[in-house]
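Colleague: Sending over a structure as structure tokens; questions will come in a sec.
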Amino acid sequence: MYSEKVMDHFANPRNVGEIENANAVGEVGNAKCGDIMKIYMDIEDNIIKDVKFKTFGCGAAIATSSMATEMVKGKTVDEALALTNKAVMEALDGLPTEKIHCSVLAEEAIRSAIEDYKKRGGVVNE
């Protein structure tokens, strides 16, 4: 049902946690399935220096959060905004049809954090 990559990112998620004084925070959820993703970013000079996540949800939600954070770390804000759920799914070697919404949530969480960063003008909230 799940690829080896999905299972690896579920069992050994990368970038789990929270960034204190993050200057970009995005949270999205899907009421139907109960998955909630929160992404924290430290962005300096338009580059995502660090990114972490906290996800409440199924294994696919955790795996897509982990993969999405890996894919945007070190990238520019514009490169991160270009990340699609399709790219996240491809990087994980696919998802079952009923779990595609998890990759959509990961894309939306990244976008939500970057929107927050832009609203703040790149300033850390103390």
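Within each chain, counting starts at residue 1; across the structure tokens, chains are named A, B, ... in the order shown, with ligands numbered 1 upward in that order.
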So that I can see what lies close to range 21-35 of chain A, please list as a PyMOL selection string the residues with an atom at most 12 Å from it, counting only C-alpha atoms and leaving out residues fewer than 3 positions away in the same chain.

Modeller: chain A and resi 17-18+38-62+64-65+77+98-126

Colleague: Can you pull out every residue from chain A that DSSP, working from the backbone, puts in alpha helix (DSSP H), and format the result as number ranges by chain?

Modeller: A: 4-11, 59-72, 77-81, 85-91, 100-120

Colleague: Quick one: residues within 12 Å of Ala91 in chain A, only C-alpha atoms, excluding same-chain residues fewer than 4 positions away - as a list in words?

Modeller: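 Contacts, with the query itself left out: Ser3, Glu4, Lys5, Val6, His9, Ala63, Thr64, Ser65, Ser66, Met67, Ala68, Thr69, Glu70, Met71, Leu83, Thr84, Asn85, Lys86, Ala87, Leu95 and Ser103 of chain A.
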
Colleague: Could those residues be written to a file, using N, CA and C atoms, as a PDB file, in the first residue's frame?

Modeller:
ATOM      1  N   SER A   3       4.776   3.102  -0.227  1.00  0.00           N
ATOM      2  CA  SER A   3       6.132   2.870  -0.734  1.00  0.00           C
ATOM      3  C   SER A   3       7.120   2.825   0.431  1.00  0.00           C
ATOM      4  N   GLU A   4       8.317   2.335   0.141  1.00  0.00           N
ATOM      5  CA  GLU A   4       9.371   2.303   1.163  1.00  0.00           C
ATOM      6  C   GLU A   4       9.702   3.702   1.654  1.00  0.00           C
ATOM      7  N   LYS A   5       9.685   4.674   0.738  1.00  0.00           N
ATOM      8  CA  LYS A   5       9.995   6.060   1.127  1.00  0.00           C
ATOM      9  C   LYS A   5       8.944   6.619   2.076  1.00  0.00           C
ATOM     10  N   VAL A   6       7.677   6.334   1.812  1.00  0.00           N
ATOM     11  CA  VAL A   6       6.616   6.793   2.713  1.00  0.00           C
ATOM     12  C   VAL A   6       6.829   6.171   4.091  1.00  0.00           C
ATOM     13  N   HIS A   9       9.813   7.851   5.875  1.00  0.00           N
ATOM     14  CA  HIS A   9       9.525   9.200   6.386  1.00  0.00           C
ATOM     15  C   HIS A   9       8.492   9.171   7.514  1.00  0.00           C
ATOM     16  N   ALA A  63       4.474  11.547   6.765  1.00  0.00           N
ATOM     17  CA  ALA A  63       5.464  11.338   5.702  1.00  0.00           C
ATOM     18  C   ALA A  63       5.492  12.516   4.721  1.00  0.00           C
ATOM     19  N   THR A  64       4.329  13.043   4.352  1.00  0.00           N
ATOM     20  CA  THR A  64       4.314  14.162   3.405  1.00  0.00           C
ATOM     21  C   THR A  64       4.855  15.431   4.054  1.00  0.00           C
ATOM     22  N   SER A  65       4.589  15.630   5.346  1.00  0.00           N
ATOM     23  CA  SER A  65       5.157  16.782   6.062  1.00  0.00           C
ATOM     24  C   SER A  65       6.675  16.690   6.079  1.00  0.00           C
ATOM     25  N   SER A  66       7.179  15.509   6.410  1.00  0.00           N
ATOM     26  CA  SER A  66       8.619  15.270   6.472  1.00  0.00           C
ATOM     27  C   SER A  66       9.272  15.523   5.112  1.00  0.00           C
ATOM     28  N   MET A  67       8.703  14.954   4.060  1.00  0.00           N
ATOM     29  CA  MET A  67       9.273  15.110   2.722  1.00  0.00           C
ATOM     30  C   MET A  67       9.200  16.563   2.259  1.00  0.00           C
ATOM     31  N   ALA A  68       8.071  17.221   2.481  1.00  0.00           N
ATOM     32  CA  ALA A  68       7.924  18.610   2.042  1.00  0.00           C
ATOM     33  C   ALA A  68       8.952  19.512   2.724  1.00  0.00           C
ATOM     34  N   THR A  69       9.191  19.306   4.018  1.00  0.00           N
ATOM     35  CA  THR A  69      10.186  20.133   4.712  1.00  0.00           C
ATOM     36  C   THR A  69      11.580  19.868   4.161  1.00  0.00           C
ATOM     37  N   GLU A  70      11.872  18.621   3.849  1.00  0.00           N
ATOM     38  CA  GLU A  70      13.168  18.286   3.246  1.00  0.00           C
ATOM     39  C   GLU A  70      13.338  18.986   1.900  1.00  0.00           C
ATOM     40  N   MET A  71      12.257  19.068   1.155  1.00  0.00           N
ATOM     41  CA  MET A  71      12.318  19.614  -0.199  1.00  0.00           C
ATOM     42  C   MET A  71      12.462  21.135  -0.227  1.00  0.00           C
ATOM     43  N   LEU A  83       6.627  24.550  -4.907  1.00  0.00           N
ATOM     44  CA  LEU A  83       6.454  23.138  -4.534  1.00  0.00           C
ATOM     45  C   LEU A  83       4.990  22.735  -4.709  1.00  0.00           C
ATOM     46  N   THR A  84       4.784  21.619  -5.372  1.00  0.00           N
ATOM     47  CA  THR A  84       3.415  21.128  -5.587  1.00  0.00           C
ATOM     48  C   THR A  84       3.204  19.818  -4.836  1.00  0.00           C
ATOM     49  N   ASN A  85       1.936  19.511  -4.588  1.00  0.00           N
ATOM     50  CA  ASN A  85       1.642  18.234  -3.947  1.00  0.00           C
ATOM     51  C   ASN A  85       2.086  17.080  -4.840  1.00  0.00           C
ATOM     52  N   LYS A  86       2.040  17.282  -6.152  1.00  0.00           N
ATOM     53  CA  LYS A  86       2.476  16.234  -7.089  1.00  0.00           C
ATOM     54  C   LYS A  86       3.969  15.943  -6.906  1.00  0.00           C
ATOM     55  N   ALA A  87       4.757  17.006  -6.722  1.00  0.00           N
ATOM     56  CA  ALA A  87       6.200  16.817  -6.511  1.00  0.00           C
ATOM     57  C   ALA A  87       6.466  16.069  -5.206  1.00  0.00           C
ATOM     58  N   LEU A  95       1.449   7.848  -3.504  1.00  0.00           N
ATOM     59  CA  LEU A  95       0.562   7.661  -2.353  1.00  0.00           C
ATOM     60  C   LEU A  95      -0.703   6.976  -2.842  1.00  0.00           C
ATOM     61  N   SER A 103      -0.743  15.075   0.734  1.00  0.00           N
ATOM     62  CA  SER A 103       0.276  15.839   0.001  1.00  0.00           C
ATOM     63  C   SER A 103      -0.232  17.246  -0.304  1.00  0.00           C
TER      64      SER A 103
END

Colleague: Going by DSSP on the backbone, which residues of range 32-117 of chain A come out as strand (DSSP E or B)? List them as a ChimeraX atom specification.

Modeller: /A:35-44,47-56,76

Colleague: In Å, how far is it from CA of Val88 in chain A to CA of Met7 in chain A?

Modeller: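 Going from CA of Val88 in chain A over to CA of Met7 in chain A covers 14.2 Å.
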
Colleague: Hey, which of A:Pro96, A:Lys73, A:Glu90, A:Glu79 ends up closest to Arg14 in chain A? Count only C-alpha atoms.

Modeller: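 Of A:Pro96, A:Lys73, A:Glu90, A:Glu79, the one nearest Arg14 in chain A is A:Lys73, counting only C-alpha atoms.
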
Colleague: Provide the CA of Tyr2 in chain A to CA of Ile19 in chain A distance in Å, to one decimal place.

Modeller: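 Going from CA of Tyr2 in chain A over to CA of Ile19 in chain A, I get 29.6 Å.
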